[in-house]
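File shown: coords05.cif. Contents: mmCIF, C-alpha atoms.
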```cif
data_entry
#
loop_
_atom_site.label_atom_id
_atom_site.label_comp_id
_atom_site.auth_asym_id
_atom_site.auth_seq_id
_atom_site.Cartn_x
_atom_site.Cartn_y
_atom_site.Cartn_z
CA MET I 42 -17.59 43.30 1.24
CA THR I 43 -20.93 42.24 2.74
CA LEU I 44 -20.06 43.76 6.12
CA LEU I 45 -18.90 47.05 4.58
CA LEU I 46 -22.03 47.35 2.46
CA GLY I 47 -24.16 46.48 5.51
CA PHE I 48 -22.63 49.35 7.51
CA GLY I 49 -23.07 51.61 4.52
CA ALA I 50 -26.74 50.68 4.19
CA VAL I 51 -27.41 51.37 7.87
CA ASN I 52 -25.65 54.72 7.79
CA THR I 53 -27.15 55.98 4.53
CA GLY I 54 -30.51 54.24 4.46
CA ASN I 55 -30.06 53.62 0.73
CA ASN I 56 -32.48 50.93 -0.46
CA LEU I 57 -30.19 49.92 -3.36
CA ILE I 58 -27.39 49.12 -0.93
CA TYR I 59 -29.87 47.14 1.19
CA LEU I 60 -30.72 45.09 -1.90
CA LEU I 61 -27.04 44.42 -2.61
CA VAL I 62 -26.46 43.35 1.00
CA SER I 63 -29.47 41.04 0.86
CA ALA I 64 -28.22 39.47 -2.37
CA LEU I 65 -24.75 38.90 -0.89
CA LEU I 66 -26.17 37.41 2.31
CA GLY I 67 -28.41 35.10 0.28
CA PHE I 68 -25.41 34.08 -1.84
CA MET I 69 -23.44 33.21 1.32
CA VAL I 70 -26.35 31.14 2.69
CA ILE I 71 -26.75 29.22 -0.56
CA SER I 72 -23.00 28.55 -0.81
CA GLY I 73 -23.02 27.33 2.81
CA LEU I 74 -25.88 24.93 2.18
CA LEU I 75 -24.26 23.61 -1.01
CA GLY I 76 -20.93 23.17 0.77
CA LYS I 77 -22.52 21.25 3.62
CA ARG I 78 -24.51 19.07 1.27
CA ASN I 79 -21.35 18.37 -0.74
CA LEU I 80 -19.89 16.45 2.24
CA ASP I 81 -22.99 14.37 2.96
CA GLY I 82 -23.43 10.74 1.87
CA LEU I 83 -19.72 10.03 1.31
CA GLN I 84 -17.85 6.88 2.33
CA VAL I 85 -14.09 6.34 2.40
CA ARG I 86 -12.10 3.12 2.39
CA LEU I 87 -8.32 2.68 2.64
CA ARG I 88 -6.29 0.06 0.81
CA PHE I 89 -2.91 -0.62 2.43
CA ALA I 90 0.00 -2.37 0.76
CA ASP I 91 0.92 -5.79 2.13
CA GLU I 92 4.48 -4.56 2.79
CA ILE I 93 4.85 -1.42 4.91
CA TYR I 94 8.14 -0.69 6.64
CA ASP I 95 8.80 1.51 9.64
CA GLY I 96 9.70 5.06 8.57
CA HIS I 97 9.52 4.30 4.83
CA PRO I 98 7.00 6.24 2.67
CA THR I 99 4.27 4.03 1.23
CA LEU I 100 1.32 4.63 -1.07
CA VAL I 101 -2.11 4.04 0.46
CA GLY I 102 -5.08 3.53 -1.83
CA VAL I 103 -8.07 5.76 -1.06
CA GLU I 104 -11.52 4.86 -2.37
CA LEU I 105 -14.17 7.59 -2.16
CA THR I 106 -17.77 6.49 -2.75
CA ASN I 107 -20.58 8.94 -3.41
CA GLY I 108 -23.72 7.34 -1.99
CA ARG I 109 -26.05 10.09 -3.20
CA ARG I 110 -28.44 9.38 -6.04
CA LEU I 111 -28.45 12.78 -7.73
CA LEU I 112 -25.75 15.26 -6.72
CA PRO I 113 -22.07 14.67 -7.53
CA ALA I 114 -19.33 15.29 -4.96
CA GLN I 115 -16.88 17.99 -6.00
CA LEU I 116 -13.48 19.18 -4.78
CA ILE I 117 -13.20 16.65 -1.95
CA ASP I 118 -9.86 16.60 -0.16
CA VAL I 119 -9.26 13.38 1.86
CA GLN I 120 -6.78 13.46 4.73
CA LEU I 121 -5.98 11.02 7.50
CA ALA I 122 -6.48 12.64 10.88
CA ALA I 123 -3.20 13.87 12.44
CA GLU I 124 -1.24 12.77 9.34
CA PRO I 125 0.29 15.11 6.75
CA GLY I 126 -0.63 14.82 3.09
CA SER I 127 -3.95 14.51 1.34
CA VAL I 128 -5.51 13.41 -1.96
CA LEU I 129 -7.92 15.55 -3.99
CA PHE I 130 -10.98 14.18 -5.79
CA PRO I 131 -12.16 16.86 -8.26
CA LEU I 132 -15.41 15.09 -9.15
CA VAL I 133 -17.16 11.92 -7.98
CA PRO I 134 -20.43 11.34 -9.88
CA ALA I 135 -23.54 10.32 -7.96
CA GLY I 136 -23.60 6.62 -7.09
CA GLU I 137 -20.03 6.04 -8.28
CA GLN I 138 -16.60 5.48 -6.78
CA GLU I 139 -13.23 7.08 -7.49
CA ALA I 140 -9.80 5.92 -6.37
CA GLY I 141 -6.68 7.86 -5.51
CA ARG I 142 -3.37 7.41 -3.70
CA LEU I 143 -2.03 9.01 -0.57
CA LEU I 144 1.67 9.05 0.33
CA LEU I 145 1.99 8.11 3.99
CA THR I 146 4.91 7.45 6.33
CA LEU I 147 4.12 5.29 9.37
CA THR I 148 6.52 5.07 12.29
CA GLY I 149 6.69 2.31 14.83
CA ARG I 150 6.49 -1.39 14.03
CA GLY I 151 3.41 -3.43 14.77
CA PRO I 152 -0.31 -2.96 14.09
CA HIS I 153 -1.63 0.52 13.31
CA SER I 154 -5.33 1.32 13.40
CA PHE I 155 -7.24 4.31 12.00
CA SER I 156 -10.60 5.28 13.45
CA ALA I 157 -11.39 8.50 11.59
CA ILE I 158 -10.66 10.28 8.35
CA GLN I 159 -11.16 13.95 7.51
CA LEU I 160 -12.90 15.31 4.43
CA ASN I 161 -12.24 18.92 3.39
CA SER I 162 -13.95 20.88 0.62
CA ARG I 163 -13.73 24.41 -0.79
CA TYR I 164 -16.87 23.91 -2.86
CA PRO I 165 -18.59 25.88 -4.27
CA ILE I 166 -16.61 29.17 -4.47
CA ASN I 167 -13.67 28.78 -2.06
CA PHE I 168 -15.09 31.22 0.50
CA PHE I 169 -14.65 28.74 3.35
CA VAL I 170 -13.04 25.33 3.84
CA ARG I 171 -15.64 22.98 5.28
CA SER I 172 -14.53 19.82 7.06
CA ARG I 173 -16.12 16.63 8.26
CA HIS I 174 -14.78 13.63 10.16
CA ILE I 175 -15.96 10.19 9.04
CA PRO I 176 -15.46 7.17 11.34
CA ILE I 177 -13.59 4.27 9.75
CA ALA I 178 -12.17 0.98 10.98
CA GLU I 179 -8.96 0.35 9.06
CA ARG I 180 -5.88 -1.54 10.20
CA CYS I 181 -2.43 -2.32 8.85
CA VAL I 182 0.79 -3.89 10.10
CA VAL I 183 4.13 -2.07 9.90
CA PHE I 184 7.26 -4.21 9.60
CA PRO I 185 10.66 -3.26 11.05
CA ALA I 186 12.76 -1.38 8.50
CA PRO I 187 15.39 -3.69 6.94
CA GLN I 188 18.98 -2.92 7.86
CA PRO I 189 21.88 -4.60 5.99
CA CYS I 190 23.87 -6.97 8.16
CA PRO I 191 25.94 -10.14 7.78
CA LEU I 192 24.60 -13.62 8.35
CA PRO I 193 24.81 -14.79 11.97
CA ALA I 194 27.36 -17.52 12.53
CA ALA I 195 24.69 -19.99 13.59
CA SER I 196 22.72 -19.50 10.38
CA SER I 197 25.53 -19.33 7.84
CA GLY I 198 26.25 -22.41 5.90
CA ARG I 199 27.52 -23.74 2.63
CA GLN I 200 25.07 -23.15 -0.19
CA LEU I 201 24.35 -26.25 -2.18
CA ALA I 202 23.47 -24.46 -5.42
CA GLY I 203 23.91 -26.85 -8.30
CA GLU I 204 24.27 -29.93 -6.10
CA ARG I 205 20.54 -30.58 -5.78
CA THR I 206 17.45 -29.21 -7.47
CA ALA I 207 14.05 -28.17 -6.22
CA SER I 208 10.78 -29.34 -7.75
CA GLN I 209 9.83 -25.92 -9.11
CA ARG I 210 10.48 -23.97 -12.27
CA GLY I 211 13.49 -21.69 -12.27
CA HIS I 212 16.05 -20.01 -14.47
CA GLU I 213 19.07 -22.28 -14.03
CA GLY I 214 19.94 -25.95 -13.76
CA ASP I 215 19.08 -28.93 -15.94
CA ILE I 216 16.12 -29.15 -18.32
CA GLU I 217 13.13 -30.49 -16.41
CA ARG I 218 10.59 -30.67 -19.26
CA ILE I 219 9.66 -29.13 -22.60
CA HIS I 220 6.27 -27.68 -23.39
CA GLU I 221 4.61 -25.56 -26.05
CA TYR I 222 5.21 -21.83 -25.99
CA GLN I 223 2.74 -19.76 -24.00
CA PRO I 224 2.46 -15.96 -23.89
CA GLY I 225 4.82 -14.63 -21.23
CA ASP I 226 7.49 -17.35 -21.55
CA PRO I 227 11.02 -15.87 -21.91
CA LEU I 228 12.28 -16.01 -25.48
CA ARG I 229 15.73 -17.08 -24.33
CA ARG I 230 14.26 -20.42 -23.15
CA ILE I 231 12.84 -21.37 -26.55
CA HIS I 232 14.28 -24.66 -27.84
CA TRP I 233 14.93 -23.58 -31.44
CA ARG I 234 16.04 -26.97 -32.81
CA LEU I 235 13.02 -28.80 -31.45
CA SER I 236 10.74 -25.97 -32.55
CA ALA I 237 12.03 -26.27 -36.13
CA ARG I 238 11.26 -29.99 -36.18
CA HIS I 239 7.68 -29.64 -34.96
CA ASP I 240 6.78 -26.34 -36.64
CA GLN I 241 5.76 -25.09 -33.19
CA LEU I 242 7.65 -23.10 -30.59
CA LYS I 243 8.90 -25.32 -27.78
CA VAL I 244 10.05 -23.92 -24.43
CA LYS I 245 12.46 -25.45 -21.92
CA ASP I 246 11.54 -25.59 -18.24
CA LEU I 247 14.65 -25.45 -16.10
CA ALA I 248 14.89 -26.80 -12.58
CA THR I 249 15.98 -24.12 -10.16
CA ALA I 250 18.97 -24.84 -7.99
CA ALA I 251 18.09 -25.24 -4.34
CA SER I 252 20.17 -24.06 -1.44
CA GLU I 253 20.52 -24.88 2.20
CA PRO I 254 17.66 -23.49 4.29
CA LEU I 255 18.37 -20.26 6.13
CA TRP I 256 17.30 -20.13 9.77
CA VAL I 257 16.82 -16.65 11.20
CA ASP I 258 16.75 -16.04 14.94
CA PRO I 259 16.39 -12.37 15.98
CA ARG I 260 18.23 -13.11 19.22
CA GLU I 261 21.34 -14.16 17.28
CA CYS I 262 21.30 -11.25 14.83
CA PRO I 263 23.89 -8.48 15.29
CA GLY I 264 22.67 -5.30 16.94
CA ALA I 265 22.88 -3.37 20.19
CA SER I 266 19.12 -3.26 20.77
CA LEU I 267 16.08 -5.40 20.02
CA GLU I 268 14.98 -3.06 17.22
CA GLU I 269 18.38 -3.33 15.49
CA LYS I 270 18.26 -7.13 15.75
CA LEU I 271 14.76 -7.18 14.25
CA ARG I 272 15.80 -4.88 11.37
CA CYS I 273 18.68 -7.24 10.63
CA ALA I 274 16.30 -10.24 10.72
CA VAL I 275 13.96 -8.52 8.25
CA TYR I 276 16.89 -7.85 5.93
CA LEU I 277 17.99 -11.50 6.02
CA ILE I 278 14.46 -12.74 5.33
CA ASN I 279 14.06 -10.40 2.37
CA GLN I 280 17.45 -11.37 0.97
CA GLY I 281 16.60 -15.05 1.26
CA GLY I 282 13.29 -14.42 -0.50
CA ARG I 283 14.98 -12.66 -3.41
CA ALA I 284 17.42 -15.55 -3.77
CA GLU I 285 14.52 -18.08 -3.61
CA ARG I 286 16.24 -19.67 -0.64
CA PRO I 287 14.06 -21.43 1.97
CA VAL I 288 13.90 -19.28 5.09
CA GLY I 289 12.77 -20.34 8.55
CA LEU I 290 12.26 -18.35 11.73
CA ARG I 291 13.15 -19.26 15.30
CA LEU I 292 11.26 -17.45 18.05
CA PRO I 293 10.97 -18.23 21.75
CA GLY I 294 8.75 -21.30 21.99
CA GLN I 295 7.98 -21.30 18.25
CA ARG I 296 9.64 -22.43 15.05
CA LEU I 297 8.40 -21.63 11.55
CA ALA I 298 9.66 -24.21 9.07
CA PRO I 299 11.75 -22.99 6.11
CA ALA I 300 9.85 -22.37 2.90
CA THR I 301 9.91 -20.10 -0.14
CA GLY I 302 7.38 -17.77 -1.71
CA ARG I 303 5.99 -14.35 -0.98
CA PRO I 304 3.13 -15.47 1.33
CA HIS I 305 5.61 -17.32 3.55
CA ARG I 306 7.97 -14.32 3.65
CA LEU I 307 5.12 -11.98 4.65
CA LYS I 308 4.11 -14.44 7.37
CA LEU I 309 7.62 -14.28 8.84
CA LEU I 310 7.63 -10.47 8.69
CA HIS I 311 4.27 -10.35 10.51
CA HIS I 312 5.76 -12.40 13.34
CA LEU I 313 8.74 -10.05 13.59
CA ALA I 314 6.45 -6.98 13.58
CA GLY I 315 4.72 -8.25 16.72
CA TYR I 316 7.81 -9.72 18.39
CA GLY I 317 8.09 -8.55 22.00
CA LYS I 318 4.85 -6.51 21.82
CA ASN I 319 2.82 -8.79 24.08
#
```
Re-express the file's structure as structure tokens.
Amino acid sequence: MTLLLGFGAVNTGNNLIYLLVSALLGFMVISGLLGKRNLDGLQVRLRFADEIYDGHPTLVGVELTNGRRLLPAQLIDVQLAAEPGSVLFPLVPAGEQEAGRLLLTLTGRGPHSFSAIQLNSRYPINFFVRSRHIPIAERCVVFPAPQPCPLPAASSGRQLAGERTASQRGHEGDIERIHEYQPGDPLRRIHWRLSARHDQLKVKDLATAASEPLWVDPRECPGASLEEKLRCAVYLINQGGRAERPVGLRLPGQRLAPATGRPHRLKLLHHLAGYGKN
């Protein structure tokens, strides 16, 4: 419209059309300045999940901080460079932070690093989409995707569930101790007879049944390639973790002793993610 009116003003010499063209040009300049200013003073931080698997969609937390003291940030679209998908922040007040989530699919096991992130904005009137790249230093580790497989012959063994107990609370086995009810205790473990005698709710702590440790060696896992063997090893480690079975890992020149718990399981998966990369 501005170009057409400009040609019309030149051809006709009409002062009113010149005024309209001037107003439109001034409007475009102001919108350009506001759009550029809208992308200034912004900082982005990514929050990755502690479990990311090769080729599986995962949610990545995106924190957008507006470092300006006066002007809010509006209609900010955050996108990882060369990655599909984005998250829109309609309004981030001055000096505040907003959080969103971005669905991302990473391929290839091992460490992934991100050095830049792209900010897009249609503010103020959607005439143009303005973009800006912000340098970041974010890193995550992608685990091999689990693939169901049977236990290797060298690692299979008779489970000793019920024959011995571990020194931790569980959901089966003999009564280990009785304590007063606390919020979050399962109602099915309330000792009703003892509670009636003491006029207080008493809860039973049961000793969990322990099982024979599971040793996982990627070289002994079924599979035609290294990646298939690693996917099988990840599956076995996750299955052992769900069953609260101690899991150990054998690698060339290194042995990780069997243990239970989420931190130990993630430690084993980190070793498998970097296996053969050096």
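Comparing the minimum interatomic distances between Val128 of chain I and each of I:Leu147, I:Ile175, I:Leu111, I:Val101, counting only C-alpha atoms, we find that I:Val101 sits nearest.
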On this file, the PyMOL selection byres ((chain I and resi 181-192) around 10) gives some set of residues; write that set as a ChimeraX atom specification. /I:87-97,147-155,179-180,193-198,255-257,261-264,268-280,307,310-315
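Using all atoms listed in the file, the contacts of Ala140 of chain I at a cut-off of 7 Å, with sequence neighbours closer than 3 positions omitted, comprise Gly102, Val103, Glu104 and Leu105 of chain I.
Counting from atom CA of Val119 of chain I, the distance to atom CA of Gly73 of chain I is 19.6 Å.
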Contacts of segment 121-126 of chain I within 9 Å, all atoms listed in the file, excl. fewer than 5 positions in-chain, as a ChimeraX atom specification: /I:143-146,155-160,174
May I have the residues from that selection written out with C-alpha atoms, as a short mmCIF file (atom, residue, chain, number, x, y, z; two decimals), in the coordinates of the input?
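Writing the result to out24.cif gives the following:
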```cif
data_model
loop_
_atom_site.label_atom_id
_atom_site.label_comp_id
_atom_site.auth_asym_id
_atom_site.auth_seq_id
_atom_site.Cartn_x
_atom_site.Cartn_y
_atom_site.Cartn_z
CA LEU I 143 -2.03 9.01 -0.57
CA LEU I 144 1.67 9.05 0.33
CA LEU I 145 1.99 8.11 3.99
CA THR I 146 4.91 7.45 6.33
CA PHE I 155 -7.24 4.31 12.00
CA SER I 156 -10.60 5.28 13.45
CA ALA I 157 -11.39 8.50 11.59
CA ILE I 158 -10.66 10.28 8.35
CA GLN I 159 -11.16 13.95 7.51
CA LEU I 160 -12.90 15.31 4.43
CA HIS I 174 -14.78 13.63 10.16
#
```
Can you tell me, as a VMD selection string, what residues are no more than 9 Å from segment 64-71 of chain I when counting all atoms listed in the file, ignoring any on the same chain fewer than 5 positions away? chain I and resid 42 to 43 59 76 168
Can you work out which one of I:Leu290, I:Arg296, I:Val62, I:Asn107 has the shortest atom-to-atom distance to Gly47 of chain I, counting all atoms listed in the file? I:Val62
What residues come out when you apply the PyMOL selection byres ((chain I and resi 116) around 9) to this file, written as a ChimeraX atom specification? /I:79,114-115,117-118,129-133,161-165
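The gap separating atom CA of Arg109 of chain I from atom CA of Ser127 of chain I is 23.0 Å, in Å to one decimal.
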Any chance you could work out the axis-aligned box around segment 151-156 of chain I, listed atoms only, 5 Å on each side, giving centre and edge lengths in Å to one decimal, as JSON?
```
{"center_x": -3.6, "center_y": 0.9, "center_z": 13.4, "size_x": 24.0, "size_y": 18.7, "size_z": 12.8}
```
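For the set I:Arg142, I:Arg78, I:Arg218, I:Arg173, the residue with the smallest atom-to-atom gap to Pro113 of chain I is I:Arg78, counting all atoms listed in the file.
If you look at atom CA of Asn167 of chain I and atom CA of Gln138 of chain I, they are 24.0 Å away from each other.
Remark: for Arg286 of chain I, the closest of the candidate residues I:Leu309, I:Leu74, I:Leu45, I:Ala300 is I:Ala300 (distances computed over only C-alpha atoms).
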Matched chain/residue IDs from the PyMOL selection byres ((chain I and resi 221) around 9), as a PDB file with C-alpha atoms, in the frame of the given file:
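Writing done, so here's selection_32.pdb:
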```pdb
ATOM      1  CA  ILE I 219       9.660 -29.130 -22.600  1.00  0.00           C
ATOM      2  CA  HIS I 220       6.270 -27.680 -23.390  1.00  0.00           C
ATOM      3  CA  TYR I 222       5.210 -21.830 -25.990  1.00  0.00           C
ATOM      4  CA  GLN I 223       2.740 -19.760 -24.000  1.00  0.00           C
ATOM      5  CA  SER I 236      10.740 -25.970 -32.550  1.00  0.00           C
ATOM      6  CA  GLN I 241       5.760 -25.090 -33.190  1.00  0.00           C
ATOM      7  CA  LEU I 242       7.650 -23.100 -30.590  1.00  0.00           C
ATOM      8  CA  LYS I 243       8.900 -25.320 -27.780  1.00  0.00           C
ATOM      9  CA  VAL I 244      10.050 -23.920 -24.430  1.00  0.00           C
ATOM     10  CA  LYS I 245      12.460 -25.450 -21.920  1.00  0.00           C
TER      11      LYS I 245
END
```
